[in-house]
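Below is protein-v1.txt, holding compact mmCIF, C-alpha atoms (C1' of nucleotides).
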# COMPACT_ATOMS: atom_id res chain seq x y z
CA MET A 1475 -92.90 -36.94 -73.82
CA ILE A 1476 -90.56 -33.98 -73.81
CA GLU A 1477 -89.86 -32.59 -70.35
CA LYS A 1478 -88.77 -29.02 -69.90
CA VAL A 1479 -86.20 -28.57 -67.18
CA ASN A 1480 -84.95 -25.05 -66.60
CA LYS A 1481 -85.35 -24.23 -70.30
CA SER A 1482 -83.46 -27.39 -71.25
CA ARG A 1483 -85.49 -29.52 -73.58
CA VAL A 1484 -84.38 -32.99 -72.64
CA ILE A 1485 -84.49 -35.06 -75.79
CA SER A 1486 -83.13 -38.10 -73.99
CA PRO A 1487 -82.03 -38.18 -70.33
CA PHE A 1488 -79.56 -40.57 -68.72
CA LYS A 1489 -81.52 -43.74 -68.00
CA PRO A 1490 -81.20 -46.00 -64.97
CA ASP A 1491 -79.55 -49.34 -65.71
CA ASN A 1492 -82.79 -51.18 -65.09
CA HIS A 1493 -85.22 -49.09 -67.14
CA ALA A 1494 -87.68 -50.87 -69.40
CA HIS A 1495 -85.71 -50.42 -72.59
CA GLY A 1496 -88.27 -52.24 -74.69
CA GLU A 1497 -90.43 -49.15 -74.30
CA CYS A 1498 -87.64 -46.91 -75.60
CA LEU A 1499 -87.17 -49.12 -78.63
CA LYS A 1500 -90.86 -49.39 -79.32
CA SER A 1501 -91.51 -45.70 -79.09
CA ALA A 1502 -88.47 -44.92 -81.23
CA LEU A 1503 -89.74 -47.28 -83.93
CA ASP A 1504 -93.23 -45.83 -83.72
CA ALA A 1505 -91.81 -42.34 -84.08
CA ALA A 1506 -89.67 -43.44 -87.00
CA LYS A 1507 -92.60 -45.01 -88.83
CA LEU A 1508 -94.74 -41.96 -88.30
CA GLN A 1509 -91.98 -39.60 -89.34
CA CYS A 1510 -91.28 -41.53 -92.54
CA THR A 1511 -94.95 -41.78 -93.38
CA ASN A 1512 -95.36 -38.05 -92.87
CA LYS A 1513 -92.40 -37.25 -95.04
CA GLY A 1514 -93.23 -39.82 -97.70
CA MET A 1515 -89.99 -41.68 -97.07
CA ARG A 1516 -89.64 -45.44 -96.96
CA LEU A 1517 -88.57 -47.09 -93.74
CA THR A 1518 -87.59 -50.32 -95.49
CA PRO A 1519 -86.97 -53.51 -93.51
CA LEU A 1520 -83.22 -52.96 -93.79
CA ARG A 1521 -83.42 -49.38 -92.58
CA GLN A 1522 -85.71 -50.38 -89.75
CA ARG A 1523 -83.36 -53.18 -88.76
CA VAL A 1524 -80.41 -50.80 -88.66
CA LEU A 1525 -82.46 -48.39 -86.59
CA GLU A 1526 -83.31 -51.19 -84.17
CA LEU A 1527 -79.64 -52.07 -83.87
CA VAL A 1528 -78.78 -48.43 -83.16
CA TRP A 1529 -81.43 -48.51 -80.44
CA GLN A 1530 -80.01 -51.58 -78.70
CA ASN A 1531 -79.21 -49.27 -75.83
CA HIS A 1532 -78.55 -45.62 -75.04
CA GLU A 1533 -74.94 -45.79 -76.10
CA PRO A 1534 -73.51 -44.75 -79.44
CA VAL A 1535 -73.14 -47.75 -81.74
CA LYS A 1536 -70.32 -48.25 -84.22
CA ALA A 1537 -71.11 -48.80 -87.88
CA TYR A 1538 -69.04 -51.95 -88.04
CA ASP A 1539 -70.78 -53.37 -84.98
CA ILE A 1540 -74.05 -52.90 -86.79
CA LEU A 1541 -72.48 -54.55 -89.81
CA ASP A 1542 -71.38 -57.53 -87.73
CA ALA A 1543 -74.93 -57.94 -86.47
CA LEU A 1544 -76.36 -57.69 -89.99
CA LYS A 1545 -73.88 -60.28 -91.22
CA GLN A 1546 -75.28 -62.73 -88.68
CA GLU A 1547 -78.62 -62.29 -90.38
CA LYS A 1548 -77.43 -61.99 -93.96
CA ALA A 1549 -73.87 -62.98 -94.66
CA SER A 1550 -73.49 -60.81 -97.74
CA SER A 1551 -74.01 -57.55 -95.85
CA ALA A 1552 -71.25 -55.06 -96.56
CA PRO A 1553 -70.20 -51.59 -95.37
CA PRO A 1554 -72.43 -49.74 -97.84
CA THR A 1555 -75.38 -51.68 -96.48
CA VAL A 1556 -74.86 -50.02 -93.13
CA TYR A 1557 -73.62 -46.62 -94.19
CA ARG A 1558 -76.47 -46.08 -96.63
CA ALA A 1559 -79.02 -46.96 -93.99
CA LEU A 1560 -77.29 -44.70 -91.47
CA ASP A 1561 -77.21 -41.85 -93.99
CA PHE A 1562 -80.91 -42.22 -94.56
CA LEU A 1563 -81.68 -42.38 -90.86
CA GLN A 1564 -79.55 -39.30 -90.18
CA GLN A 1565 -81.34 -37.39 -92.94
CA GLN A 1566 -84.65 -38.24 -91.33
CA GLY A 1567 -83.38 -37.12 -87.92
CA LEU A 1568 -83.75 -40.65 -86.57
CA VAL A 1569 -80.08 -41.08 -85.83
CA HIS A 1570 -77.32 -38.66 -84.91
CA LYS A 1571 -73.62 -39.20 -85.40
CA ILE A 1572 -71.37 -38.60 -82.42
CA GLU A 1573 -68.36 -37.22 -84.26
CA SER A 1574 -65.85 -37.60 -81.48
CA LEU A 1575 -66.64 -41.32 -81.22
CA ASN A 1576 -67.34 -42.19 -84.84
CA ALA A 1577 -70.53 -43.74 -83.60
CA TYR A 1578 -74.27 -43.37 -84.02
CA ILE A 1579 -77.11 -42.91 -81.58
CA GLY A 1580 -80.84 -43.02 -82.00
CA CYS A 1581 -83.02 -39.96 -81.62
CA GLY A 1582 -86.57 -40.39 -80.42
CA HIS A 1583 -87.68 -36.91 -81.45
CA PRO A 1584 -87.18 -36.64 -85.19
CA PHE A 1585 -90.26 -34.58 -85.92
CA GLU A 1586 -88.66 -31.18 -85.95
CA SER A 1587 -85.03 -30.75 -86.79
CA HIS A 1588 -83.26 -29.47 -83.73
CA SER A 1589 -79.89 -28.63 -82.32
CA SER A 1590 -78.43 -31.15 -79.91
CA GLN A 1591 -76.09 -31.09 -77.00
CA PHE A 1592 -74.78 -34.54 -76.19
CA PHE A 1593 -73.50 -35.45 -72.74
CA ILE A 1594 -71.42 -38.59 -73.08
CA CYS A 1595 -70.34 -40.69 -70.12
CA GLN A 1596 -66.86 -42.03 -70.72
CA ARG A 1597 -67.31 -44.74 -68.12
CA CYS A 1598 -70.61 -46.40 -69.00
CA GLY A 1599 -70.95 -45.02 -72.51
CA SER A 1600 -74.44 -43.64 -71.94
CA VAL A 1601 -75.50 -40.49 -73.70
CA ALA A 1602 -78.03 -37.83 -72.78
CA GLU A 1603 -79.29 -35.54 -75.53
CA LEU A 1604 -80.56 -32.05 -74.82
CA ASP A 1605 -81.83 -29.24 -76.98
CA ASP A 1606 -81.29 -26.34 -74.67
CA THR A 1607 -82.88 -23.05 -75.62
CA ASN A 1608 -80.24 -21.01 -73.84
CA VAL A 1609 -77.39 -22.80 -75.55
CA ASN A 1610 -79.06 -22.38 -78.92
CA ARG A 1611 -79.66 -18.69 -78.35
CA LEU A 1612 -76.15 -18.08 -77.08
CA ILE A 1613 -74.49 -19.87 -79.98
CA ASP A 1614 -76.75 -18.00 -82.39
CA SER A 1615 -75.83 -14.67 -80.85
CA ILE A 1616 -72.12 -15.41 -81.04
CA ALA A 1617 -72.46 -16.49 -84.65
CA ASN A 1618 -74.35 -13.29 -85.30
CA GLU A 1619 -71.52 -11.22 -83.87
CA LEU A 1620 -69.06 -13.07 -86.05
CA LYS A 1621 -71.39 -12.63 -89.05
CA PHE A 1622 -71.29 -16.38 -89.29
CA THR A 1623 -74.17 -18.34 -90.82
CA ILE A 1624 -74.75 -21.57 -88.96
CA GLU A 1625 -75.55 -24.70 -90.92
CA HIS A 1626 -74.97 -27.37 -88.32
CA GLU A 1627 -73.75 -27.72 -84.74
CA HIS A 1628 -71.80 -30.50 -83.10
CA ILE A 1629 -71.80 -30.14 -79.32
CA GLU A 1630 -70.39 -33.15 -77.52
CA ILE A 1631 -69.59 -32.92 -73.82
CA LYS A 1632 -67.63 -35.80 -72.38
CA GLY A 1633 -67.24 -36.78 -68.76
CA HIS A 1634 -68.96 -38.92 -66.16
CA CYS A 1635 -72.63 -39.35 -65.42
CA GLN A 1636 -74.01 -39.23 -61.90
CA ASN A 1637 -74.50 -42.95 -61.80
CA CYS A 1638 -70.88 -43.68 -62.63
CA VAL A 1639 -69.48 -41.07 -60.28
CA THR A 1640 -71.51 -42.65 -57.47
CA LYS A 1641 -70.39 -46.16 -58.38
CA LYS A 1642 -66.77 -45.08 -58.58
CA HIS A 1643 -67.05 -43.61 -55.10
CA ASN A 1644 -68.65 -46.73 -53.67
CA SER A 1645 -66.08 -49.07 -55.13
CA HIS A 1646 -63.11 -46.87 -54.19
CA ALA A 1647 -62.01 -47.33 -57.78
CA MET B 110 -53.03 -10.73 -77.78
CA ILE B 111 -56.36 -11.98 -76.55
CA GLU B 112 -59.21 -9.60 -77.29
CA LYS B 113 -62.36 -9.65 -75.25
CA VAL B 114 -65.47 -9.08 -77.32
CA ASN B 115 -68.72 -9.15 -75.46
CA LYS B 116 -67.34 -11.74 -73.00
CA SER B 117 -66.12 -13.89 -75.87
CA ARG B 118 -62.45 -14.56 -75.56
CA VAL B 119 -61.38 -14.80 -79.17
CA ILE B 120 -58.58 -17.31 -79.31
CA SER B 121 -58.34 -17.01 -83.07
CA PRO B 122 -60.63 -14.88 -85.26
CA PHE B 123 -61.39 -15.36 -88.94
CA LYS B 124 -58.48 -13.78 -90.80
CA PRO B 125 -58.60 -11.79 -94.02
CA ASP B 126 -57.17 -13.64 -97.02
CA ASN B 127 -54.26 -11.25 -97.23
CA HIS B 128 -53.14 -11.16 -93.61
CA ALA B 129 -49.43 -11.52 -92.83
CA HIS B 130 -49.52 -15.19 -91.97
CA GLY B 131 -45.82 -15.33 -91.27
CA GLU B 132 -46.61 -13.45 -88.07
CA CYS B 133 -49.19 -16.05 -87.05
CA LEU B 134 -46.71 -18.85 -87.62
CA LYS B 135 -43.90 -17.06 -85.83
CA SER B 136 -45.96 -16.22 -82.80
CA ALA B 137 -47.38 -19.74 -82.64
CA LEU B 138 -43.88 -21.20 -82.69
CA ASP B 139 -42.69 -18.76 -80.06
CA ALA B 140 -45.64 -19.66 -77.86
CA ALA B 141 -44.96 -23.35 -78.40
CA LYS B 142 -41.33 -23.06 -77.45
CA LEU B 143 -42.15 -21.05 -74.35
CA GLN B 144 -44.91 -23.43 -73.34
CA CYS B 145 -42.68 -26.48 -73.72
CA THR B 146 -39.85 -24.86 -71.85
CA ASN B 147 -42.19 -23.92 -69.02
CA LYS B 148 -43.58 -27.42 -68.79
CA GLY B 149 -40.24 -29.16 -69.22
CA MET B 150 -41.39 -30.83 -72.42
CA ARG B 151 -39.26 -31.25 -75.51
CA LEU B 152 -40.33 -29.54 -78.71
CA THR B 153 -38.11 -31.75 -80.86
CA PRO B 154 -37.35 -30.83 -84.49
CA LEU B 155 -39.94 -33.36 -85.67
CA ARG B 156 -42.63 -32.02 -83.36
CA GLN B 157 -41.83 -28.47 -84.34
CA ARG B 158 -41.96 -29.37 -88.02
CA VAL B 159 -45.39 -30.98 -87.60
CA LEU B 160 -46.55 -27.91 -85.71
CA GLU B 161 -45.32 -25.70 -88.55
CA LEU B 162 -47.21 -27.83 -91.05
CA VAL B 163 -50.38 -27.55 -88.97
CA TRP B 164 -49.87 -23.80 -89.00
CA GLN B 165 -49.62 -23.56 -92.80
CA ASN B 166 -52.89 -21.66 -92.64
CA HIS B 167 -55.98 -21.23 -90.49
CA GLU B 168 -57.66 -24.33 -91.81
CA PRO B 169 -57.71 -27.74 -90.19
CA VAL B 170 -55.00 -29.97 -91.66
CA LYS B 171 -55.33 -33.71 -92.23
CA ALA B 172 -52.83 -36.09 -90.66
CA TYR B 173 -52.05 -37.72 -93.98
CA ASP B 174 -51.45 -34.36 -95.63
CA ILE B 175 -48.87 -33.68 -92.95
CA LEU B 176 -47.46 -37.12 -93.61
CA ASP B 177 -47.18 -36.42 -97.34
CA ALA B 178 -45.26 -33.23 -96.58
CA LEU B 179 -42.94 -35.05 -94.17
CA LYS B 180 -42.31 -37.74 -96.77
CA GLN B 181 -41.00 -35.07 -99.12
CA GLU B 182 -38.43 -34.27 -96.48
CA LYS B 183 -37.76 -37.77 -95.20
CA ALA B 184 -39.05 -40.62 -97.30
CA SER B 185 -39.28 -43.08 -94.44
CA SER B 186 -41.88 -41.06 -92.53
CA ALA B 187 -44.88 -43.16 -91.57
CA PRO B 188 -48.27 -42.65 -89.92
CA PRO B 189 -46.96 -43.04 -86.37
CA THR B 190 -44.47 -40.27 -87.09
CA VAL B 191 -47.35 -37.88 -87.56
CA TYR B 192 -49.83 -39.22 -85.04
CA ARG B 193 -47.28 -39.29 -82.24
CA ALA B 194 -46.29 -35.72 -82.91
CA LEU B 195 -49.94 -34.67 -83.09
CA ASP B 196 -50.68 -36.47 -79.81
CA PHE B 197 -47.85 -34.62 -78.12
CA LEU B 198 -48.94 -31.28 -79.56
CA GLN B 199 -52.52 -31.87 -78.45
CA GLN B 200 -51.39 -32.75 -74.94
CA GLN B 201 -49.48 -29.47 -74.79
CA GLY B 202 -52.53 -27.56 -76.04
CA LEU B 203 -50.65 -26.53 -79.17
CA VAL B 204 -53.02 -28.30 -81.50
CA HIS B 205 -56.71 -29.16 -81.32
CA LYS B 206 -58.46 -31.89 -83.23
CA ILE B 207 -61.60 -30.96 -85.13
CA GLU B 208 -63.53 -34.17 -84.62
CA SER B 209 -66.13 -33.62 -87.28
CA LEU B 210 -63.39 -33.20 -89.91
CA ASN B 211 -60.76 -35.63 -88.65
CA ALA B 212 -58.34 -32.76 -88.94
CA TYR B 213 -56.05 -30.72 -86.75
CA ILE B 214 -55.63 -27.01 -86.18
CA GLY B 215 -53.04 -24.99 -84.36
CA CYS B 216 -53.78 -23.10 -81.16
CA GLY B 217 -51.81 -19.97 -80.42
CA HIS B 218 -52.84 -19.83 -76.76
CA PRO B 219 -51.67 -23.02 -75.12
CA PHE B 220 -50.68 -21.50 -71.79
CA GLU B 221 -53.82 -22.26 -69.89
CA SER B 222 -56.01 -25.16 -70.86
CA HIS B 223 -59.31 -23.80 -72.03
CA SER B 224 -62.59 -24.78 -73.56
CA SER B 225 -63.00 -24.03 -77.23
CA GLN B 226 -65.84 -23.25 -79.56
CA PHE B 227 -64.84 -23.69 -83.16
CA PHE B 228 -66.63 -21.91 -85.98
CA ILE B 229 -65.80 -23.70 -89.20
CA CYS B 230 -66.49 -22.25 -92.63
CA GLN B 231 -67.56 -24.99 -94.99
CA ARG B 232 -66.74 -22.90 -98.03
CA CYS B 233 -63.20 -21.62 -97.42
CA GLY B 234 -62.28 -24.02 -94.63
CA SER B 235 -61.22 -21.28 -92.23
CA VAL B 236 -61.75 -21.74 -88.53
CA ALA B 237 -62.25 -19.26 -85.73
CA GLU B 238 -61.66 -20.42 -82.18
CA LEU B 239 -63.40 -18.82 -79.21
CA ASP B 240 -63.39 -19.48 -75.51
CA ASP B 241 -66.61 -17.81 -74.55
CA THR B 242 -67.26 -17.31 -70.86
CA ASN B 243 -71.01 -17.45 -71.27
CA VAL B 244 -70.90 -20.68 -73.20
CA ASN B 245 -68.59 -22.21 -70.62
CA ARG B 246 -70.79 -21.11 -67.74
CA LEU B 247 -73.95 -22.30 -69.42
CA ILE B 248 -72.57 -25.71 -70.28
CA ASP B 249 -71.23 -26.02 -66.74
CA SER B 250 -74.61 -25.15 -65.27
CA ILE B 251 -76.40 -27.70 -67.43
CA ALA B 252 -73.85 -30.35 -66.51
CA ASN B 253 -74.39 -29.41 -62.90
CA GLU B 254 -78.13 -29.95 -63.21
CA LEU B 255 -77.51 -33.33 -64.78
CA LYS B 256 -74.94 -34.12 -62.03
CA PHE B 257 -72.55 -34.66 -64.89
CA THR B 258 -68.81 -34.15 -64.41
CA ILE B 259 -67.24 -32.60 -67.49
CA GLU B 260 -63.87 -33.83 -68.67
CA HIS B 261 -63.75 -32.38 -72.15
CA GLU B 262 -65.92 -30.44 -74.58
CA HIS B 263 -66.13 -30.62 -78.33
CA ILE B 264 -68.06 -27.67 -79.73
CA GLU B 265 -67.88 -27.38 -83.51
CA ILE B 266 -70.19 -25.00 -85.34
CA LYS B 267 -70.27 -25.34 -89.10
CA GLY B 268 -71.53 -22.87 -91.63
CA HIS B 269 -70.27 -19.93 -93.64
CA CYS B 270 -68.01 -17.07 -92.62
CA GLN B 271 -68.84 -13.48 -93.46
CA ASN B 272 -66.21 -13.35 -96.15
CA CYS B 273 -67.65 -16.33 -98.00
CA VAL B 274 -71.24 -15.20 -97.68
CA THR B 275 -70.26 -11.85 -99.20
CA LYS B 276 -68.34 -13.51 -102.03
CA LYS B 277 -71.17 -15.87 -102.77
CA HIS B 278 -73.53 -12.91 -103.03
CA ASN B 279 -71.24 -11.00 -105.34
CA SER B 280 -70.67 -13.93 -107.68
CA HIS B 281 -74.34 -14.97 -107.74
CA ALA B 282 -73.03 -18.48 -107.02
C1' DT C 154 -17.17 -40.01 -68.06
C1' DG C 155 -19.36 -44.01 -68.76
C1' DT C 156 -23.52 -46.63 -67.79
C1' DA C 157 -28.35 -47.21 -66.87
C1' DT C 158 -32.68 -45.55 -67.81
C1' DT C 159 -36.14 -43.23 -70.10
C1' DA C 160 -37.92 -40.75 -74.02
C1' DA C 161 -38.35 -40.31 -78.80
C1' DT C 162 -38.31 -42.04 -83.25
C1' DG C 163 -38.10 -45.79 -86.84
C1' DT C 164 -40.36 -49.57 -89.03
C1' DT C 165 -43.65 -53.02 -90.37
C1' DA C 166 -47.96 -54.52 -90.20
C1' DT C 167 -52.70 -54.14 -89.57
C1' DA C 168 -57.09 -52.31 -87.61
C1' DA C 169 -60.97 -49.21 -87.99
C1' DT C 170 -63.79 -46.12 -90.58
C1' DG C 171 -65.85 -44.79 -94.78
C1' DT C 172 -66.72 -44.24 -100.08
C1' DA C 173 -66.78 -45.06 -105.31
C1' DA C 174 -68.65 -47.36 -108.95
C1' DC C 175 -71.30 -50.37 -111.21
C1' DA C 176 -74.81 -54.41 -111.17
C1' DT C 177 -79.15 -56.06 -109.71
C1' DT C 178 -83.63 -56.02 -107.70
C1' DA C 179 -87.77 -53.90 -106.02
C1' DA C 180 -91.09 -50.22 -106.01
C1' DA C 181 -93.58 -46.52 -107.94
C1' DT C 182 -95.39 -44.22 -112.03
C1' DC C 183 -97.88 -43.88 -116.05
C1' DG D 660 -97.16 -54.17 -118.68
C1' DA D 661 -93.43 -50.95 -119.69
C1' DT D 662 -90.73 -47.38 -117.92
C1' DT D 663 -88.51 -45.06 -114.55
C1' DT D 664 -86.72 -44.33 -110.12
C1' DA D 665 -85.30 -45.92 -105.61
C1' DA D 666 -83.08 -49.26 -102.94
C1' DT D 667 -79.94 -52.82 -102.30
C1' DG D 668 -76.07 -55.99 -103.72
C1' DT D 669 -71.29 -56.45 -104.69
C1' DT D 670 -66.47 -55.59 -105.37
C1' DA D 671 -62.92 -52.82 -104.75
C1' DC D 672 -60.56 -49.32 -102.59
C1' DA D 673 -59.64 -44.86 -99.94
C1' DT D 674 -58.95 -42.70 -95.56
C1' DT D 675 -57.89 -42.52 -90.74
C1' DA D 676 -55.55 -44.51 -86.95
C1' DT D 677 -53.09 -47.89 -83.84
C1' DA D 678 -50.24 -52.05 -82.21
C1' DA D 679 -45.99 -53.94 -81.50
C1' DC D 680 -41.41 -54.21 -81.50
C1' DA D 681 -36.62 -52.24 -82.92
C1' DT D 682 -33.48 -48.51 -82.79
C1' DT D 683 -31.61 -44.14 -81.60
C1' DA D 684 -31.17 -40.06 -78.78
C1' DA D 685 -31.41 -37.72 -74.44
C1' DT D 686 -31.22 -37.62 -69.53
C1' DA D 687 -29.95 -39.10 -64.99
C1' DC D 688 -26.84 -40.47 -61.85
C1' DA D 689 -23.01 -43.64 -60.18

How does this structure look as structure tokens?
Amino acid sequence: MIEKVNKSRVISPFKPDNHAHGECLKSALDAAKLQCTNKGMRLTPLRQRVLELVWQNHEPVKAYDILDALKQEKASSAPPTVYRALDFLQQQGLVHKIESLNAYIGCGHPFESHSSQFFICQRCGSVAELDDTNVNRLIDSIANELKFTIEHEHIEIKGHCQNCVTKKHNSHA
Amino acid sequence: MIEKVNKSRVISPFKPDNHAHGECLKSALDAAKLQCTNKGMRLTPLRQRVLELVWQNHEPVKAYDILDALKQEKASSAPPTVYRALDFLQQQGLVHKIESLNAYIGCGHPFESHSSQFFICQRCGSVAELDDTNVNRLIDSIANELKFTIEHEHIEIKGHCQNCVTKKHNSHA
DNA sequence: TGTATTAATGTTATAATGTAACATTAAATC
DNA sequence: GATTTAATGTTACATTATAACATTAATACA
């Protein structure tokens, strides 16, 4: 499931527009169920539903967009409904928050807590998630020099994915 | 002004509690004035005042805290007063936004646009800013492999600075 | 120097994001 | 079954940020 490319552990690559996303969703849900079972945590119907909504695609999803969707299904849904589910999912490693977008993205590899480097396409919104050994080591070594104890890392790289750069070229946009 | 430590360009190190902060403020303002003059941009009194407020210390400052301070000086100040000044200062490289804190921190080295790695102490709130060549090169090389074109990087490392770890130890907290 | 133009700021309103606090319901424990 | 804890419901509000239009200040240039 996890490919190693030049010491980069690719948690989630950029996906072609036409990939079979049902598979992504299914495997994410399977992973979530397994993870929660292993940890003795409850993936309640609400939490699962929020996770599904986060996994609509490979783009970060906004909390209030999730809320809007939940309201379609249950009119009384409110912000805490969403934020509590998102908090739980983040604690289980099933969802990450993209801080620079105030948005949330699913993670298909929750089993071991890991560092992440997010590459975020500003054109199509797609995100690739890596856990690159070299980046981790380098950040650790810098922290070490600074005598800094790392608790958490937010690494969010914004720009344009290959697909969008190609499209842009083709359309002379 | 810029020290090179093991290929890390230290934009702003962690400072001792008792450092002469007036010097930091003064040199930041001097740099800002020079930078704006060079670029033909106007560091108006309002913009300068906001910059001074950002430079109160080496901790990220919240927009609404700046607003509260401005209101003391001019009761009619409103959110756009602050956000417009912050936008300008960010464009000039005089201020960076810490995305994971929704807060803003001054940058004393605006002359050339650079990448930043922020180390953020969760205990005392202090921030160190680096521009590490190795990090930059590594991120670039990963982007290159992904055929990803980088526009901007947000790298925010959270944890505890040496000073706070030592204190914690001493106080058995 | 006055006039046109642009840039900056003022002002009001509202949007977007997130949390506190307490009530209720459901699940697990014993 | 009673007790306790976990999860969700509900209302209210706090925080962060922007839109839109009016006014003032600065710059350009006739």

- Task: Write out as a list in words the residues lying within 9 Å of D:DA666, counting only C-alpha atoms (C1' of nucleotides) and excluding same-chain residues fewer than 6 positions away.
- Result: Thr1518 of chain A; DT178, DA179 and DA180 of chain C

- Counting only C-alpha atoms (C1' of nucleotides), what is within 12 Å of D:DA671, bar same-chain residues fewer than 6 positions away, as a list of chain:residue names?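 Skipping anything fewer than 6 positions along the chain leaves A:Ala1552, A:Pro1553, C:DT172, C:DA173, C:DA174, C:DC175.
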
Give me, as a short mmCIF file (atom, residue, chain, number, x, y, z; two decimals) with C-alpha atoms, in the frame of the given file, the residues of chain B touching chain D, with the criterion being at most 10 Å (counting only C-alpha atoms (C1' of nucleotides)).
data_model
loop_
_atom_site.label_atom_id
_atom_site.label_comp_id
_atom_site.auth_asym_id
_atom_site.auth_seq_id
_atom_site.Cartn_x
_atom_site.Cartn_y
_atom_site.Cartn_z
CA LYS B 171 -55.33 -33.71 -92.23
CA ALA B 172 -52.83 -36.09 -90.66
CA TYR B 173 -52.05 -37.72 -93.98
CA PRO B 188 -48.27 -42.65 -89.92
CA PRO B 189 -46.96 -43.04 -86.37
CA TYR B 192 -49.83 -39.22 -85.04
CA ASN B 211 -60.76 -35.63 -88.65
CA ALA B 212 -58.34 -32.76 -88.94
#

- With a cut-off of 9 Å and counting all atoms listed in the file, select all residues of chain C in contact with chain B and give the selection as an MDAnalysis selection string. chainID C and resid 161:164

- Between A:Phe1488, A:Thr1640, A:Ile1631, A:Asn1618, single out the one closest to chain B, counting only C-alpha atoms.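 Of the candidates, the smallest distance to chain B is held by A:Ile1631.
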
- Message: From the options A:Cys1638, A:Gly1633, A:Asp1539, A:Pro1519, which residue's atoms come nearest to chain B, counting only C-alpha atoms?
- Response: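 When distances to chain B are compared using only C-alpha atoms, the smallest one comes from A:Gly1633.
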
- Task: Quote the spacing between atom CA of B:Ser225 and atom CA of A:His1634 in Å to one decimal place.
- Result: 19.5 Å

- So which residues fall inside 10 Å of (-63.9, -22.4, -90.6) if we count all atoms listed in the file? Mind giving them as a ChimeraX atom specification? /A:1622 /B:122-123,167-169,227-238,265-270
